[in-house]
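Structure, as structure tokens:
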Amino acid sequence: MIAIASDHGGYDLKTEVIRHLEERGLEYKDFGCYDKNSCDYPVFGKAAANAVASGECDRGIVVCTTGIGISITANKIKGIRCALCTDPHFAEMTRLHNDANMLALAGGDYDRELSIRIVDTFLDTGFSNEEKHIRRIKEIEN
């Protein structure tokens with residue numbers, strides 16, 4: 001299950017991502033927001049990150065206007081490794097090397113095709129399980 005959340009600035013892209021997840025037949029849980037009224041991204045980013053950290057959801061996708069604030073929020077939750085990715089290569093590398101469990105996207109001025117490629121790369125790439133990356137992740141956690 002994929003946790004998904006946004007603020008008003010990421011709402012349109014979140015809606016596109018949800019549509020794509022449904023097309024792929026992937027289960028998700030939407031932690032808000034639910035419209036384009038002004039709201040605070042920490043509320044929704046924290047809810048999605050808590051769901052991933054607790055194991056309720058396997059991974060998460062969060063969106064705000066820049067992707068920055070909501071990724072900072074998610075990373076405040078113990079056990080979360082959220083990466084703001086602006087291209088598929090970054091999404092691939094953060095999964096391979098960092099075993100990132102959350103993806104942040106910028107919804108302010110997005111390219112739908114590119115954003116969906118980033119999402120697919122993030123969801124379809126596994127962790128490398130290389131010893132050096134395992135060691136580094138443990139250093140981050142400590």
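FYI, nothing fancy with the structure tokens labels: chains A, B, ... in order, residues from 1 per chain, ligands from 1 as they appear.
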
query = Hey, what's within 7 Å of range 27-41 of chain A if we count only C-alpha atoms and toss same-chain stuff fewer than 2 positions away? As JSON, numbers by chain, please?
reply = {"A": [1, 2, 3, 4, 5, 6, 7, 8, 11, 25, 43, 44, 45, 47, 48, 64, 70]}

task = Skip Asp111 in chain A itself and residues of its chain fewer than 3 positions away, then list as an NGL selection string all residues within 12 Å of it, counting only C-alpha atoms.
result = :A and (12-13 or 16-17 or 86-87 or 105-108 or 114-118)

task = Check the DSSP output for the backbone and give back, as a PyMOL selection string, the residues of range 19-140 of chain A in alpha helix (DSSP H).
result = chain A and resi 19-24+41-54+68-75+88-98+112-124+131-140

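Between Arg59 in chain A and the residues A:Lys46, A:His133, A:Arg81, A:Lys76, the shortest atom-to-atom distance, using only C-alpha atoms, involves A:Arg81.
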
ask   = Would you give me, as a PyMOL selection string, the residues in chain A that DSSP reads as strand (DSSP E)?
value = chain A and resi 2-6+28-30+59-64+82-84+102-106

Writer output for current selection, C-alpha atoms, as a compact mmCIF listing (two decimals), in the first residue's frame:
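Saved file result.txt follows:
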```
# COMPACT_ATOMS: atom_id res chain seq x y z
CA ILE A 2 1.24 3.46 -0.88
CA ALA A 3 0.62 6.45 1.38
CA ILE A 4 -0.07 9.61 -0.58
CA ALA A 5 -0.53 13.18 0.60
CA SER A 6 -0.30 16.77 -0.55
CA TYR A 28 -3.00 3.56 -1.91
CA LYS A 29 -4.30 5.50 1.04
CA ASP A 30 -4.89 9.22 0.61
CA ARG A 59 6.05 3.49 0.70
CA GLY A 60 4.80 7.03 0.39
CA ILE A 61 4.49 9.84 -2.12
CA VAL A 62 4.08 13.41 -0.91
CA VAL A 63 3.59 16.60 -2.91
CA CYS A 64 3.68 20.31 -2.14
CA CYS A 82 12.14 10.82 1.90
CA ALA A 83 13.82 12.12 -1.24
CA LEU A 84 12.72 15.03 -3.40
CA MET A 102 9.09 8.08 0.48
CA LEU A 103 9.18 10.20 -2.65
CA ALA A 104 8.54 13.94 -2.66
CA LEU A 105 7.42 15.74 -5.80
CA ALA A 106 7.01 19.39 -6.73
```

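Across the structure, CA of Glu130 in chain A and CA of Thr94 in chain A are spaced 13.3 Å apart.
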
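The two atoms in question, CA of Phe127 in chain A and CA of Asp99 in chain A, are spaced 5.2 Å apart.
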
ask   = Between CA of Arg135 in chain A and CA of Met93 in chain A, what is the spacing in Å?
value =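 One can read the CA of Met93 in chain A to CA of Arg135 in chain A distance as 16.2 Å.
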
Non-local contacts of range 77-80 of chain A (7 Å; only C-alpha atoms; under 3 positions in same chain excluded) as a tab-separated table (two decimals) with N, CA and C atoms, in the first residue's frame:
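Writing the result to around_26.tsv gives the following:
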```
chain	number	residue	atom	x	y	z
A	49	ALA	N	3.82	10.07	6.39
A	49	ALA	CA	5.09	9.53	6.89
A	49	ALA	C	4.87	8.61	8.07
A	50	ASN	N	3.95	8.95	8.96
A	50	ASN	CA	3.65	8.06	10.08
A	50	ASN	C	3.11	6.72	9.60
A	53	ALA	N	6.17	4.82	8.37
A	53	ALA	CA	7.04	4.45	9.51
A	53	ALA	C	6.43	3.33	10.34
A	74	ALA	N	8.38	15.04	6.28
A	74	ALA	CA	8.40	13.57	6.31
A	74	ALA	C	9.68	13.06	6.97
A	101	ASN	N	12.07	5.37	1.34
A	101	ASN	CA	10.72	4.80	1.45
A	101	ASN	C	9.64	5.83	1.16
```

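Between Arg95 in chain A and the residues A:Gly69, A:Asp120, A:Arg112, A:Gly126, the shortest atom-to-atom distance, using only C-alpha atoms, involves A:Gly126.
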
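Distances here use only C-alpha atoms; by that measure, the residue among A:Ile68, A:Pro88, A:Asn98, A:Glu23 closest to Lys138 in chain A is A:Asn98.
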